[in-house]
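Down below is the structure, laid out as structure tokens.
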Amino acid sequence: MEDNNRNLILATVLSFLVILVWYTVFAPEPVSDQPSGVPLAEQSIGDQPLTPATGTTAPADLAEAPPAGEPVGRVAIQSPALSGSISLAGGRIDDLLLTRYQETLDEGSPDVRLLSPSSATADDSVNINVTRPYYAVYGWTPGPGVDAALVPNPATVWTLESGDTLAPGQPVTLAWDNGAGQIFRRTFALDENYLFTIGQSLQNDGDAAFSAAPYGIIARHGRPDTQNFFVLHEGVVGMHDGTLIEMKYDRIAELDPIEREGRAQVFEVSGNGWIGFTDKYWMTSLAPAPGQAFTAVVKYADGADIYQTEARFPMQTVQPGTQLSADSYLFAGAKVWEVIRSYEEAPGIQRFVDSIDWGWFFFLTKPIFQLLHWLHGIIGNMGWAIIALTFVLKTLVFPLARKSYISMAKMKELQPQMEELKARTGDDRMKFQKEVMELYKREKVNPAAGCLPILLQIPIFFSLYKVIFVTIELRHAPWFGWIQDLSAPDPSSLLNLYGLLPFGVPAQGTLLHSLTLPALAIALGLSMWFQQKLNPAPTDPAQKMIFAWMPWIFMFMLGGFASGLVLYWITNNVITILQQYTIMTMHGARPDLLGNVKSSIPVRKRPGDKPGKGGAGK
């Protein structure tokens, strides 16, 4: 039994060290999950994105921006999932709210803002202060011999040609006449969720051929506030011909300069791809039509501090009396698994679901999330779905757990023989170990089997942690009572007697808050303590001390994790207790749970007590 305890301690210590490193080194700082809205000082060259291949010193011509103080029209956007507007200056989508998501759980909390205009296109109708601009804009690059003034750029003021409000089933079309015989049109369509269809066309009514290349840009002025979490990707995300693109903001700002591009990286996509920016829960991405060859570009402008992604289409020549068109898609919204998976089917955006950061254990994270999503669809409550998921996972690993518990029962049965070996070998440790190994071999007992149930939980734990941390389905998902956000730590605290006293408590997600013992943290510590009591305490004083402190250390360490993860761990511990107690009892080695609990409680000896009286002398 001593070896069994030693293995269990080893596995527990290993788990603790992994979680300790994770918590102290990689855990995120408690920051908002909203796109940044910190005001910026206006920059003379920072209000427009860099147009394709213009270099780092020549952003779009600010002389073409609307005159200061002169209002520019806007086209309203209204759908079940989005609200906002399109600016006629540049025809850019730069005002977008996610109406299904609020910034906090507080009543009356504003909708999450995804896209924001620059100071050149902001007006009173947007009803926000100038923030870090973040928008999508489209344009045309002039071909050989074509004056740049004859193609629309990010500052061009468009005219509303048809439609009045962009809504599902209600497209709008903008037009711009360059006065030289060419008419450019841009049609916006929107589905019920977050996918815009952008149609760009060029009608040549002139006397000569006209060459131009359409493009799309997503520009982000200034680095947004990120969680700086080692295993959470925030920055550029995309796909080129089946290969995932991921770049954090630090890396983008350090890209090597390319002639006529500035700091940039270029990807030539032959048939399928998309490119954009991802936050923890939100994403804005350019997606050309499947099968369309294009050039994906990631770019950074040092002087203007603009992060930019581009989708450039091939140069095309329009003969007089004809027109050309180029269709593409813009995703701007929440990374809802079911929604973005549907876009893989229609319109066929390849591997779009990988915009969710599944992490290193993606082979576990993806199926775990899909199972959790399925259970939630049946149960209707994410907290109970996590509990049901735990039962399913424990059932899947039950064969290994059963072998482990049977081995532990056999170890208990061998305890008398172990004591005889110890008495026979005396102080000869080498001989004792040899005899023990022969005994294990003869009785077909694996002394390391006790580690398997705990070690098996480590990858499952981290995969579920990833699911709860990055998937928007867990954001603001309630369980019951005071647990209204399973992606956040338990907000309760011992400091105010769990809400009975009118005192404030430390902010959720901080180490100090986890030290105030939320209710779920206490339940976790108790479940680990009872699980530990299925076996007698080790006789070695050092091992006994480690064993005694471990549940309470875990209680403080894991108490600050997402409440959904703590709920999983508590449920896992309870199921483990029931499984181990039942299986060991069936094999004639029933754990003395009550006796082990009593023996762990110190009993103060009274003067005159003799050994054998009271709990201490037994």
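In the structure tokens, chains take letters A, B, ... by order of appearance, with residues numbered from 1 within each chain and ligands from 1 in the order shown.
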**Item:** DSSP-assigned alpha helix (DSSP H) among segment 97-334 of chain A, expressed as a ChimeraX atom specification
**Value:** /A:249-253
Expected file contents, prior selection, C-alpha atoms, as an mmCIF file, in the first residue's frame:
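What ended up in part-v8.cif:
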```cif
data_model
loop_
_atom_site.group_PDB
_atom_site.id
_atom_site.type_symbol
_atom_site.label_atom_id
_atom_site.label_comp_id
_atom_site.auth_asym_id
_atom_site.auth_seq_id
_atom_site.Cartn_x
_atom_site.Cartn_y
_atom_site.Cartn_z
ATOM 1 C CA TYR A 249 0.753 41.687 -33.212
ATOM 2 C CA ASP A 250 4.364 41.675 -32.023
ATOM 3 C CA ARG A 251 5.381 39.576 -34.980
ATOM 4 C CA ILE A 252 3.427 41.720 -37.452
ATOM 5 C CA ALA A 253 5.226 44.850 -36.274
#
```
**Request:** Write out as a ChimeraX atom specification which residues come within 10 Å of segment 156-160 of chain A when counting only C-alpha atoms, dropping same-chain ones fewer than 5 positions away.
**Result:** /A:60-61,64-66,72-75,87-92,139,149,151,172-177,184-186
**Message:** Just want the 8 Å neighbourhood of Arg100 of chain A, counted on only C-alpha atoms, with same-chain residues fewer than 3 positions away dropped. Output as a PyMOL selection string.
**Reply:** chain A and resi 80-82+111
**Item:** Distance in Å - atom CA of Gly84 of chain A versus atom CA of Leu96 of chain A
**Value:** 4.5 Å
**Asked** Which residue gives the smallest distance to Tyr307 of chain A among A:Ile387, A:Ile217, A:Ile340, A:Ala180, with only C-alpha atoms counted?
**Response** A:Ile217
Each residue of segment 198-295 of chain A with at least one atom at most 10 Å from segment 358-371 of chain A should appear once, together with its nearest atom pair and the corresponding distance in Å (one decimal); atoms considered: only C-alpha atoms; ordering: chain, then increasing residue number; output as a tab-separated table.
```
residue	atom	partner	partner_atom	distance
A:Val231	CA	A:Gly359	CA	6.7
A:Leu232	CA	A:Gly359	CA	7.7
A:His233	CA	A:Gly359	CA	8.7
```
**Prompt:** In Å, how far is it from atom CA of Thr425 of chain A to atom CA of Pro591 of chain A?
**Reply:**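 Computing the Euclidean distance for atom CA of Thr425 of chain A and atom CA of Pro591 of chain A yields 28.6 Å.
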Residue contacts of Tyr215 of chain A (6 Å, only C-alpha atoms) excluding same-chain residues fewer than 6 positions away, as a short mmCIF file (atom, residue, chain, number, x, y, z; two decimals) with N, CA and C atoms, in the first residue's frame:
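Writing the result to around01.cif gives the following:
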```
data_model
loop_
_atom_site.label_atom_id
_atom_site.label_comp_id
_atom_site.auth_asym_id
_atom_site.auth_seq_id
_atom_site.Cartn_x
_atom_site.Cartn_y
_atom_site.Cartn_z
N TYR A 138 -12.92 48.75 -49.38
CA TYR A 138 -12.61 48.13 -50.66
C TYR A 138 -12.20 49.19 -51.66
N GLY A 139 -11.50 48.78 -52.71
CA GLY A 139 -11.08 49.72 -53.73
C GLY A 139 -10.52 49.03 -54.95
N TRP A 140 -9.88 49.83 -55.80
CA TRP A 140 -9.31 49.33 -57.05
C TRP A 140 -7.90 49.88 -57.21
N ALA A 311 -6.78 41.45 -49.33
CA ALA A 311 -7.06 40.41 -50.32
C ALA A 311 -7.05 41.11 -51.68
N ARG A 312 -6.05 40.83 -52.50
CA ARG A 312 -5.90 41.49 -53.79
C ARG A 312 -6.25 40.51 -54.91
N PHE A 313 -7.05 40.98 -55.83
CA PHE A 313 -7.46 40.15 -56.96
C PHE A 313 -6.59 40.47 -58.17
#
```
**Message:** Could you check the closest approach to Thr322 of chain A for each of A:Gln227, A:Ser492, A:Asn204, A:Thr295 and tell me which residue wins, using only C-alpha atoms?
**Reply:**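 Ranking A:Gln227, A:Ser492, A:Asn204, A:Thr295 by distance to Thr322 of chain A, first place goes to A:Asn204.
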**Message:** Please extract the residues of segment 95-338 of chain A with a backbone DSSP assignment of strand (DSSP E or B) and present them as JSON, numbers by chain.
**Reply:** {"A": [95, 96, 97, 98, 99, 100, 101, 102, 111, 112, 113, 114, 115, 116, 134, 135, 136, 137, 138, 139, 140, 141, 142, 157, 159, 160, 161, 162, 165, 166, 167, 170, 172, 173, 174, 175, 176, 177, 182, 183, 184, 185, 186, 187, 188, 189, 190, 195, 196, 197, 198, 199, 200, 201, 202, 203, 204, 210, 211, 212, 213, 214, 215, 216, 217, 218, 219, 220, 221, 235, 236, 237, 238, 239, 240, 243, 244, 245, 246, 247, 248, 257, 258, 262, 263, 264, 265, 266, 267, 268, 269, 273, 274, 275, 276, 277, 278, 282, 283, 284, 285, 286, 287, 288, 294, 295, 296, 297, 298, 299, 300, 301, 306, 307, 308, 309, 310, 311, 312, 316, 317, 318, 323, 324, 325, 326, 327, 328, 329, 330, 331, 332, 333, 334]}
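Take atom CA of Arg475 of chain A and atom CA of Val574 of chain A: the distance between them is 25.8 Å.
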**Message:** I'd like the neighbourhood of Ser527 of chain A as number ranges by chain, where a residue qualifies if any of its atoms comes within 10 Å (using only C-alpha atoms), though same-chain residues fewer than 6 positions away should be ignored.
**Reply:** A: 521, 533, 551, 555, 569-574, 576-577
Would you output that residue set with C-alpha atoms, as a PDB file, in the first residue's frame?
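Written out: again14.pdb:
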```pdb
ATOM      1  CA  ALA A 521     -13.274  26.355  -4.632  1.00  0.00           C
ATOM      2  CA  LYS A 533      -9.358   9.451   2.125  1.00  0.00           C
ATOM      3  CA  PRO A 551      -6.283  19.287  -1.533  1.00  0.00           C
ATOM      4  CA  MET A 555      -8.398  24.581  -3.673  1.00  0.00           C
ATOM      5  CA  TRP A 569     -13.179  18.989 -11.637  1.00  0.00           C
ATOM      6  CA  ILE A 570     -15.624  18.684  -8.719  1.00  0.00           C
ATOM      7  CA  THR A 571     -17.900  16.390 -10.724  1.00  0.00           C
ATOM      8  CA  ASN A 572     -14.906  14.315 -11.815  1.00  0.00           C
ATOM      9  CA  ASN A 573     -13.781  13.900  -8.193  1.00  0.00           C
ATOM     10  CA  VAL A 574     -17.244  12.809  -7.034  1.00  0.00           C
ATOM     11  CA  THR A 576     -14.008   8.973  -9.065  1.00  0.00           C
ATOM     12  CA  ILE A 577     -14.904   8.480  -5.393  1.00  0.00           C
TER      13      ILE A 577
END
```
All residues 7 Å or closer to Val269 of chain A, only C-alpha atoms, same chain fewer than 6 positions away omitted, as a PDB file with N, CA, C and O atoms, in the first residue's frame:
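New file part-v8.pdb:
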```
ATOM      1  N   HIS A 240      -4.347  29.797 -46.331  1.00  0.00           N
ATOM      2  CA  HIS A 240      -4.000  29.859 -47.745  1.00  0.00           C
ATOM      3  C   HIS A 240      -3.758  28.443 -48.247  1.00  0.00           C
ATOM      4  O   HIS A 240      -2.840  27.764 -47.836  1.00  0.00           O
ATOM      5  N   ASP A 241      -4.674  27.995 -49.107  1.00  0.00           N
ATOM      6  CA  ASP A 241      -4.594  26.670 -49.714  1.00  0.00           C
ATOM      7  C   ASP A 241      -4.366  25.572 -48.681  1.00  0.00           C
ATOM      8  O   ASP A 241      -3.511  24.703 -48.835  1.00  0.00           O
ATOM      9  N   ALA A 293      -8.323  32.724 -57.204  1.00  0.00           N
ATOM     10  CA  ALA A 293      -6.931  33.009 -56.868  1.00  0.00           C
ATOM     11  C   ALA A 293      -6.822  34.465 -56.415  1.00  0.00           C
ATOM     12  O   ALA A 293      -7.475  35.353 -56.972  1.00  0.00           O
ATOM     13  N   PHE A 294      -6.001  34.706 -55.406  1.00  0.00           N
ATOM     14  CA  PHE A 294      -5.799  36.069 -54.927  1.00  0.00           C
ATOM     15  C   PHE A 294      -4.488  36.136 -54.157  1.00  0.00           C
ATOM     16  O   PHE A 294      -3.840  35.113 -53.901  1.00  0.00           O
ATOM     17  N   THR A 295      -4.105  37.341 -53.801  1.00  0.00           N
ATOM     18  CA  THR A 295      -2.906  37.562 -53.003  1.00  0.00           C
ATOM     19  C   THR A 295      -3.322  38.041 -51.629  1.00  0.00           C
ATOM     20  O   THR A 295      -4.011  39.065 -51.501  1.00  0.00           O
ATOM     21  N   ALA A 296      -2.934  37.297 -50.594  1.00  0.00           N
ATOM     22  CA  ALA A 296      -3.208  37.691 -49.210  1.00  0.00           C
ATOM     23  C   ALA A 296      -1.979  38.400 -48.668  1.00  0.00           C
ATOM     24  O   ALA A 296      -0.852  37.922 -48.838  1.00  0.00           O
TER      25      ALA A 296
END
```
**Request:** List the neighbours of Asp191 of chain A out to 8 Å using only C-alpha atoms; skip same-chain residues closer than 6 positions along the sequence, and give me the result as an MDAnalysis selection string.
**Result:** chainID A and resid 167:169
**Message:** When you count only C-alpha atoms, which of these residues is closest to Trp337 of chain A: A:Thr226, A:Ser355, A:Gln415, A:Ser162?
**Reply:**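 Counting only C-alpha atoms, the residue closest to Trp337 of chain A is A:Ser355.
With only C-alpha atoms as the atoms that count, the residue of A:Pro506, A:Ile93, A:Arg132, A:Ile86 with the shortest distance to Gly222 of chain A is A:Arg132.
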